[in-house]
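**Q** This is the structure I have questions about; it appears just below.
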Amino acid sequence: MSDWRELEQRRQELTAGGGPSRIDRQHKTGKWTARERLNALFDPGSFVELDLFVTHRSTLFGMVDAKAPGDGVVTGYGAVAGRLVYAFAQDFTVLGGSLGEMHAGKIHKVQDLALKSGAPIVGIIDSGGARIQEGIDSLNGYGGIFLRNTLASGVIPQISVIVGPAAGGAVYSPALTDFVLMAEGIGQMYITGPQVIESVTGEKVTHEELGGARTHARKSGNAHLTFPTEAELFAGLKRLLSFLPSNNTAEPPRQEPAPPPEGAAERLRNVVPQDPNKPYDVRDVIRDLCDGGDFLEIMPDYAKNMVTGFGRIEGRPVAILGNQPRVLAGCLDIDASDKLARFVRFADSFSIPLLTFVDTPGYLPGTKQEYGGIIRHGAKVLYAYSEASVAKVSVVLRKAYGGAYLAMCSRSLGADMVLAFPTAEVAVMGPDGAANIIFRRELEAAEDPAEERKRLVESYRAEFASPYVAAAHGYVDQVIDPAELRTSVAHALWALKEKREDRHAKKHGNIPL
Ligand code: HXC
């Protein structure tokens with residue numbers, strides 16, 4: 001007769017996954033098991049497993065006898081820092097974590113529950129992709145995941161963790177989610193693997209070069225954060241979750257306010273060089289602004305001319321963006337535009353205020369950019385900022401010229417408050433270019449054109465390239481002493497806390513993709 005002892009025995013068998021030898025193999029390759037990963041994510045003892053008893057019902061290709069505990073995926077919910085989060089973790093020790101009909105059904109179920117309950121979902125991917133023996137049923141399963149990812153987008157935060165292979169169909173769910181985290185040397189994502197590539201194009205590439213964490217963090221931009229170990233990855237994942245609200249109607253979680261780093265105000269007075277051609281690190285400004293100097297940079301290794309990330313001011317999460325004068329002088333290019341636009345849209349979906357630091361000489365010139373579609377990609381920036389209805393605060397640190405001034409959340413794109421450092425230069429174009437055009441005749445007639453040029457550039461700079469013309473026209477609301485940055489930003493965010501801005505009802509807009 002069936003009793004609690006039988007239940008206990010069944011549970012033990014099923015939670016052992018693919019068994020000791022496969023678990024051993026998993027550990028030998030530096031990987032954790034699905035259950036170890038979920039333990040690392042959730043508060044101790046809080047994980048509730050669903051569908052432990054689900055298994056496949058496939059009969060072809062020897063599957064009749066194939067044992068597949070949980071059908072190769074562990075699903076459920078639990079608490080992360082006390083907040084409800086749903087998760088699924090593919091179990092590579094069971095049929096290589098491959099996705100069959102029932103495996104997919106388990107994932108669909110937690111996706112549906114997360115969406116209905118307004119809770120974030122974390123997908124932990126370690127899988128050989130579609131389960132080949134189950135054919136079209138596996139493909140159908142993936143389709144269902146993609147559909148749910150899309151319907152949940154902008155309603156609940158969705159995060160993917162890549163800690164093993166993610167091949168073929170397995171890559172598109174992560175790409176549809178908000179953040180992709182990868183473990184170095186462990187996670188690999190690609191549509192077609194090295195063997196297929198070699199047979200089709202003759203190109204030789206290793207798994208790691210093709211789809212490892214470094215590749216996706218630096219080259220493709222598919223990974224938002226990478227970590228040397230799984231332990232660091234799960235700690236980083238929890239830090240990321242600490243900035244995110246549970247859903248699009250919830251407030252971003254508030255923490256105890258913390259002061260900025262010691263000496264921040266004084267350092268801020270000196271961080272932006274007077275010389276407009278001298279680089280500096282915009283992250284020094286950001287860290288000295290945030291509570292406890294804590295700034296979680298997102299995509300730190302991709303399009304480094306644009307910095308994006310989360311910080312807190314007076315305990316409340318803020319999405320921070322800034323041109324990075326240290327890289328390409330802070331120019332906007334295709335990759336920086338994509339990075340910026342996607343980050344703005346995430347923050348706007350989840351009511352996280354946008355704080356933008358401006359110091360850019362403009363769009364990066366060149367045929368590579370023009371042929372690559374900088375017009376279309378640059379337009380994403382305009383679209384994303386214009387569409388965002390969350391609180392938008394901009395701080396002009398130094399250069400804000402021309403189209404790039406407009407793009408970086410200018411007043412005309414709907415910035416609610418625009419602050420400027422005294423070093424700000426808000427103008428239609430840089431003084432050098434402007435002098436060449438408006439003083440062309442004087443320069444041609446000059447006895448010493450170089451000296452005359454220098455004088456005219458300076459006169460243009462003094463006349464127009466300061467914050468005071470823009471402030472006189474009301475495009476800049478406040479010119480601030482850099483030492484007042486934190487107070488000024490905190491006041492602006494406080495004043496905008498209840499901001500409501502309605503848009504015309506529509507099915508959806510048509511962002512230039
Ligand atoms: C069924 C699979 C599988 C799969 C792995 N396994 N992938 N079973 N379907 N897709 C099984 C293996 O047969 C093996 O079982 C066990 O999992 C462990 O796999 P190994 O190959 O021993 O592990 P490893 O050497 O670490 O290599 C991992 C791997 C490799 C790189 C992922 O298994 C691999 O290349 N798999 C196929 C990947 C792939 O082509 N996927 C695309 C599927 S088509 P045993 O019993 O022998 O231990 C697809 C299209 C969907 O996804 C499109 C939707 C849009």
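Just so we're on the same page: first chain in the structure tokens is A, next is B, and so on; residues restart at 1 for each chain, and ligands are numbered from 1 in the order they show up.
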Write out as a list of chain:residue names each polymer residue (protein, DNA or RNA) that has an atom no more than 7 Å from ligand 1, with only C-alpha atoms and all ligand atoms counted.
**A**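 Selection of residues at most 7 Å from ligand 1: A:Phe92, A:Leu95, A:Gly96, A:Gly97, A:Ser98, A:Ser127, A:Gly128, A:Gly129, A:Ala130, A:Arg131, A:Ile132, A:Gln133, A:Leu139, A:Tyr142, A:Gly143, A:Pro165, A:Ala167, A:Gly168, A:Gly169, A:Ala170.
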**Q** If you keep C-alpha atoms, can you produce a file of those selected residues as a PDB file, in the first residue's frame?
**A**
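Result file follows (again01.pdb):
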```
ATOM      1  CA  PHE A  92      22.083  18.443 -17.646  1.00  0.00           C
ATOM      2  CA  LEU A  95      19.200  13.546 -21.018  1.00  0.00           C
ATOM      3  CA  GLY A  96      21.615  16.485 -21.282  1.00  0.00           C
ATOM      4  CA  GLY A  97      18.938  18.904 -20.055  1.00  0.00           C
ATOM      5  CA  SER A  98      17.394  18.537 -23.497  1.00  0.00           C
ATOM      6  CA  SER A 127      20.853  22.122 -22.149  1.00  0.00           C
ATOM      7  CA  GLY A 128      21.680  20.362 -25.404  1.00  0.00           C
ATOM      8  CA  GLY A 129      18.638  22.103 -26.943  1.00  0.00           C
ATOM      9  CA  ALA A 130      15.594  20.482 -28.515  1.00  0.00           C
ATOM     10  CA  ARG A 131      15.362  16.792 -27.487  1.00  0.00           C
ATOM     11  CA  ILE A 132      16.103  15.149 -30.774  1.00  0.00           C
ATOM     12  CA  GLN A 133      14.079  11.986 -30.031  1.00  0.00           C
ATOM     13  CA  LEU A 139      10.059  22.542 -31.246  1.00  0.00           C
ATOM     14  CA  TYR A 142      10.277  26.060 -27.479  1.00  0.00           C
ATOM     15  CA  GLY A 143       7.659  28.056 -29.368  1.00  0.00           C
ATOM     16  CA  PRO A 165      25.419  24.744 -23.326  1.00  0.00           C
ATOM     17  CA  ALA A 167      22.475  25.533 -28.385  1.00  0.00           C
ATOM     18  CA  GLY A 168      19.976  25.976 -31.204  1.00  0.00           C
ATOM     19  CA  GLY A 169      16.511  26.834 -29.928  1.00  0.00           C
ATOM     20  CA  ALA A 170      17.821  27.256 -26.376  1.00  0.00           C
TER      21      ALA A 170
END
```
**Q** If you count only C-alpha atoms, which residues fall within 9 Å of Ser242 (chain A), apart from same-chain ones fewer than 5 positions away, as a PyMOL selection string?
**A** chain A and resi 80-81+237+252-255+317
**Q** Work out how far apart CA of Ile375 (chain A) and CA of Leu332 (chain A) are and give it in Å to one decimal.
**A** 11.3 Å
**Q** Per DSSP on the backbone, filter region 92-240 of chain A down to the residues in strand (DSSP E) and report them as a list of chain:residue names.
**A**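 Going through region 92-240 of chain A, the strand (DSSP E) residues come out as A:Ile121, A:Val122, A:Gly123, A:Ile124, A:Ile125, A:Asp126, A:Ser127, A:Gln158, A:Ile159, A:Ser160, A:Val161, A:Ile162, A:Val163, A:Gly164, A:Pro165, A:Ala166, A:Ala167, A:Phe179, A:Val180, A:Leu181, A:Met182, A:Ala183, A:Gln188, A:Met189, A:Tyr190, A:Leu225, A:Thr226, A:Phe227.
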**Q** Using only C-alpha atoms, which residue out of A:Val489, A:Leu456, A:Glu266, A:Met299 lies closest to Leu443 (chain A)?
**A**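 Using only C-alpha atoms, Leu443 (chain A) sits closest to A:Leu456.
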**Q** Within 7 Å of Glu425 (chain A), counting only C-alpha atoms, which residues qualify if same-chain residues fewer than 4 places away don't, as a list of chain:residue names?
**A**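 Residues near the query, excluding close chain neighbours: A:Arg398, A:Lys399, A:Ala400, A:Ala465, A:Ser466, A:Pro467.
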**Q** Store the residues picked out above, limited to C-alpha atoms, as a PDB file, in the first residue's frame.
**A**
```pdb
ATOM      1  CA  ARG A 398      30.522  68.900 -20.521  1.00  0.00           C
ATOM      2  CA  LYS A 399      29.930  68.510 -24.271  1.00  0.00           C
ATOM      3  CA  ALA A 400      26.360  68.398 -25.496  1.00  0.00           C
ATOM      4  CA  ALA A 465      29.589  76.847 -25.614  1.00  0.00           C
ATOM      5  CA  SER A 466      28.604  77.323 -21.998  1.00  0.00           C
ATOM      6  CA  PRO A 467      25.555  76.260 -20.015  1.00  0.00           C
TER       7      PRO A 467
END
```
**Q** Using Å and a single decimal, report how far CA of Glu256 (chain A) sits from CA of Val358 (chain A).
**A** 28.7 Å
**Q** What's around Gly293 (chain A) at 10 Å? Count only C-alpha atoms, leave out sequence neighbours fewer than 6 positions away in its own chain, and write the answer as a VMD selection string.
**A** chain A and resid 258 to 262 264 284 to 287 311 to 313
**Q** Please extract the residues of region 122-199 of chain A with a backbone DSSP assignment of helix (DSSP H, G or I) and present them as JSON, numbers by chain.
**A** {"A": [132, 133, 134, 135, 136, 137, 138, 139, 140, 141, 142, 143, 144, 145, 146, 147, 148, 149, 150, 151, 152, 168, 169, 170, 171, 172, 173, 174, 175, 176, 194, 195, 196, 197, 198, 199]}
**Q** Write out, as a PDB file, in the first residue's frame, the residues just selected, with C-alpha atoms.
**A**
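result_20.pdb was written with the following content:
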```pdb
ATOM      1  CA  ILE A 132      16.103  15.149 -30.774  1.00  0.00           C
ATOM      2  CA  GLN A 133      14.079  11.986 -30.031  1.00  0.00           C
ATOM      3  CA  GLU A 134      10.920  14.069 -29.502  1.00  0.00           C
ATOM      4  CA  GLY A 135      11.203  15.968 -32.751  1.00  0.00           C
ATOM      5  CA  ILE A 136       8.451  18.434 -33.484  1.00  0.00           C
ATOM      6  CA  ASP A 137       7.038  18.220 -29.932  1.00  0.00           C
ATOM      7  CA  SER A 138      10.307  19.743 -28.712  1.00  0.00           C
ATOM      8  CA  LEU A 139      10.059  22.542 -31.246  1.00  0.00           C
ATOM      9  CA  ASN A 140       6.483  23.190 -30.188  1.00  0.00           C
ATOM     10  CA  GLY A 141       7.724  23.398 -26.593  1.00  0.00           C
ATOM     11  CA  TYR A 142      10.277  26.060 -27.479  1.00  0.00           C
ATOM     12  CA  GLY A 143       7.659  28.056 -29.368  1.00  0.00           C
ATOM     13  CA  GLY A 144       5.512  28.109 -26.236  1.00  0.00           C
ATOM     14  CA  ILE A 145       8.412  29.445 -24.180  1.00  0.00           C
ATOM     15  CA  PHE A 146       9.148  32.225 -26.684  1.00  0.00           C
ATOM     16  CA  LEU A 147       5.486  33.242 -26.785  1.00  0.00           C
ATOM     17  CA  ARG A 148       5.334  33.446 -22.993  1.00  0.00           C
ATOM     18  CA  ASN A 149       8.655  35.341 -22.800  1.00  0.00           C
ATOM     19  CA  THR A 150       7.215  37.907 -25.178  1.00  0.00           C
ATOM     20  CA  LEU A 151       3.856  38.256 -23.438  1.00  0.00           C
ATOM     21  CA  ALA A 152       5.597  38.673 -20.073  1.00  0.00           C
ATOM     22  CA  GLY A 168      19.976  25.976 -31.204  1.00  0.00           C
ATOM     23  CA  GLY A 169      16.511  26.834 -29.928  1.00  0.00           C
ATOM     24  CA  ALA A 170      17.821  27.256 -26.376  1.00  0.00           C
ATOM     25  CA  VAL A 171      19.330  30.661 -27.205  1.00  0.00           C
ATOM     26  CA  TYR A 172      16.157  32.487 -28.126  1.00  0.00           C
ATOM     27  CA  SER A 173      14.438  32.416 -24.778  1.00  0.00           C
ATOM     28  CA  PRO A 174      17.442  34.160 -23.159  1.00  0.00           C
ATOM     29  CA  ALA A 175      17.539  36.680 -25.996  1.00  0.00           C
ATOM     30  CA  LEU A 176      13.884  37.545 -25.338  1.00  0.00           C
ATOM     31  CA  PRO A 194      31.481  24.688 -34.363  1.00  0.00           C
ATOM     32  CA  GLN A 195      31.019  21.422 -36.306  1.00  0.00           C
ATOM     33  CA  VAL A 196      28.140  22.769 -38.372  1.00  0.00           C
ATOM     34  CA  ILE A 197      29.960  26.031 -38.994  1.00  0.00           C
ATOM     35  CA  GLU A 198      33.044  24.184 -40.209  1.00  0.00           C
ATOM     36  CA  SER A 199      31.058  21.933 -42.504  1.00  0.00           C
TER      37      SER A 199
END
```
**Q** Enter the distance from CA of Asp288 (chain A) to CA of Leu268 (chain A), in Å, rounded to one decimal.
**A**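 CA of Asp288 (chain A) sits 7.2 Å away from CA of Leu268 (chain A).
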**Q** I want to know what sits within 10 Å of His56 (chain A), based on only C-alpha atoms, with residues of the same chain fewer than 6 positions away left out; could you give that as number ranges by chain?
**A** A: 63-64, 66-72, 100-103, 134
**Q** Mind dumping a table of every region 221-249 of chain A residue within 12 Å of region 12-32 of chain A, with the nearest atom pair and its distance in Å to one decimal, using only C-alpha atoms, sorted by chain and rising number, as JSON lines?
**A**
```
{"residue": "A:Pro228", "atom": "CA", "partner": "A:Gly30", "partner_atom": "CA", "distance": 11.0}
{"residue": "A:Thr229", "atom": "CA", "partner": "A:Gly30", "partner_atom": "CA", "distance": 8.6}
{"residue": "A:Glu230", "atom": "CA", "partner": "A:Trp32", "partner_atom": "CA", "distance": 7.4}
{"residue": "A:Ala231", "atom": "CA", "partner": "A:Trp32", "partner_atom": "CA", "distance": 9.2}
{"residue": "A:Leu233", "atom": "CA", "partner": "A:Trp32", "partner_atom": "CA", "distance": 11.7}
{"residue": "A:Phe234", "atom": "CA", "partner": "A:Trp32", "partner_atom": "CA", "distance": 11.3}
```
**Q** Ala379 (chain A): which residues within 9 Å, counting only C-alpha atoms, same-chain residues fewer than 6 positions away excluded, as a list in words?
**A** Ser337, Ala407, Ile511 and Pro512 of chain A
**Q** Please produce a file of the residues just selected, as a PDB file, in the first residue's frame, where the atoms kept are all heavy atoms.
**A**
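Output saved as result-v9.pdb:
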```pdb
ATOM      1  N   SER A 337      24.170  52.962 -29.156  1.00  0.00           N
ATOM      2  CA  SER A 337      22.751  53.324 -29.312  1.00  0.00           C
ATOM      3  C   SER A 337      21.859  52.150 -28.915  1.00  0.00           C
ATOM      4  O   SER A 337      20.857  52.324 -28.206  1.00  0.00           O
ATOM      5  CB  SER A 337      22.455  53.715 -30.764  1.00  0.00           C
ATOM      6  OG  SER A 337      23.229  54.812 -31.135  1.00  0.00           O
ATOM      7  N   ALA A 407      19.720  63.671 -28.520  1.00  0.00           N
ATOM      8  CA  ALA A 407      19.476  62.259 -28.239  1.00  0.00           C
ATOM      9  C   ALA A 407      19.612  61.934 -26.760  1.00  0.00           C
ATOM     10  O   ALA A 407      18.875  61.107 -26.235  1.00  0.00           O
ATOM     11  CB  ALA A 407      20.444  61.410 -29.058  1.00  0.00           C
ATOM     12  N   ILE A 511       8.994  50.961 -32.886  1.00  0.00           N
ATOM     13  CA  ILE A 511      10.387  51.389 -32.665  1.00  0.00           C
ATOM     14  C   ILE A 511      11.262  50.941 -33.834  1.00  0.00           C
ATOM     15  O   ILE A 511      11.114  49.812 -34.305  1.00  0.00           O
ATOM     16  CB  ILE A 511      10.936  50.862 -31.313  1.00  0.00           C
ATOM     17  CG1 ILE A 511      12.327  51.453 -31.019  1.00  0.00           C
ATOM     18  CG2 ILE A 511      10.969  49.339 -31.252  1.00  0.00           C
ATOM     19  CD1 ILE A 511      12.802  51.283 -29.591  1.00  0.00           C
ATOM     20  N   PRO A 512      12.142  51.801 -34.332  1.00  0.00           N
ATOM     21  CA  PRO A 512      13.023  51.374 -35.432  1.00  0.00           C
ATOM     22  C   PRO A 512      13.960  50.262 -34.945  1.00  0.00           C
ATOM     23  O   PRO A 512      14.809  50.517 -34.113  1.00  0.00           O
ATOM     24  CB  PRO A 512      13.820  52.630 -35.779  1.00  0.00           C
ATOM     25  CG  PRO A 512      13.260  53.730 -34.953  1.00  0.00           C
ATOM     26  CD  PRO A 512      12.407  53.168 -33.883  1.00  0.00           C
TER      27      PRO A 512
END
```
**Q** For Ser117 (chain A), work out the shell of residues within 10 Å, counting only C-alpha atoms and skipping chain neighbours fewer than 5 positions away, then give it as a CSV table (one decimal) with C-alpha atoms, in the first residue's frame.
**A**
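Below is the file selection_25.csv, written as the result:
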```
chain,number,residue,atom,x,y,z
A,84,LEU,CA,8.7,35.9,-4.4
A,85,VAL,CA,10.6,34.7,-7.5
A,86,TYR,CA,9.8,31.8,-9.9
A,111,GLN,CA,6.1,31.1,-16.8
A,112,ASP,CA,2.3,31.3,-16.5
A,156,ILE,CA,7.6,41.0,-15.0
A,246,SER,CA,8.4,42.5,-8.9
A,247,ASN,CA,6.3,43.7,-11.8
```
**Q** Using only C-alpha atoms, which residue out of A:Leu60, A:Leu115, A:Ala40, A:Val390 lies closest to Ala89 (chain A)?
**A** A:Ala40
**Q** Let me make sure I understand: among A:Arg326, A:Ala319, A:Glu251, A:Gly378, which one has the smallest atom-to-atom distance to Lys304 (chain A) if we use only C-alpha atoms?
**A**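 For Lys304 (chain A), the nearest of the given residues is A:Arg326.
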